[in-house]
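Notes follow once the structure below has been shown.
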Amino acid sequence: MINLDTVTGYNGTTSGLQLYTEDGTGYYLEAENIQSGRTQLYYTLTQEDFDALIPILENRNGKIIIEVSNGTVSDSEGNGTDDCGYYRHYDSEKFSPGDYIQNVFIYNPDTNSVDDILYRVDTLIE
């Protein structure tokens with residue numbers, strides 16, 4: 001079990017997701033969608049992936065759901081869309097129009113609300 005308050009960063013690749021913590025240790029999740037156990041990882045790269053994730057978020061019942069997706073910044077105000085075409089807002093001081101961003105969302109395990117995100121990390125994909 002990992003205390004999410006201690007997460008200082010992450011590295012997401014096609015092979016997995018490495019979470020880094022304050023004490024120098026970390027937690028690694030395989031890249032494939034992990035659908036068993038208390039912590040579950042989902043990549044939402046297509047509309048089908050997104051559609052499959054919604055009922056899981058609505059029924060997480062204490063599970064820690066981590067979503068990894070990508071999006072593009074559209075303008076200088078930080079407006080953008082994810083790869084499925086849904087709106088995303090990005091930090092306009094950190095990102096520029098046209099930047100391709102990997103987003104990691106960690107959802108609150110204590111609720112089933114699809115927009116109850118405890119942590120969000122956005123990283124420029126170069």
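Scheme for the structure tokens: letters A, B, ... for chains in order shown; per-chain residue numbers from 1; ligand numbers from 1 in order shown.
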With DSSP run on the backbone, what are the strand (DSSP E or B) residues within chain A? I'd like them as a VMD selection string.
chain A and resid 7 to 12 16 to 21 26 to 30 34 39 to 43 64 to 73 79 to 82 87 to 89 100 to 107 117 to 124
Please provide the set of residues having any atom within 10 Å of range 82-95 of chain A, restricted to only C-alpha atoms, with same-chain residues fewer than 4 positions apart removed, written as number ranges by chain.
A: 44-50, 69-78, 99-103, 122-124
Between A:Val7, A:Val104, A:Ile56, A:Ile64, single out the one closest to Tyr43 in chain A, counting only C-alpha atoms.
A:Val104
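In terms of minimum interatomic distance to Asn79 in chain A, A:Gly98 ranks closest within A:Asn61, A:Asp5, A:Glu67, A:Gly98, counting only C-alpha atoms.
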How far is it from CA of Lys63 in chain A to CA of Tyr107 in chain A, in Å with one decimal?
8.9 Å
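From CA of Leu57 in chain A back to CA of Gln18 in chain A, the distance works out to 21.8 Å.
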One residue among A:Gly80, A:Ile117, A:Ile66, A:Asn3 is nearest to Glu22 in chain A when using only C-alpha atoms, and that residue is A:Asn3
Please return, as a ChimeraX atom specification, all residues of range 13-89 of chain A that DSSP assigns to alpha helix (DSSP H) on the basis of the backbone.
/A:47-58
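Take CA of Ala52 in chain A and CA of Thr8 in chain A: the distance between them is 29.0 Å.
You can rank A:Pro97, A:Asn112, A:Tyr10, A:Thr39 by their closest distance to Arg60 in chain A using only C-alpha atoms, and at the top of that list sits A:Asn112.
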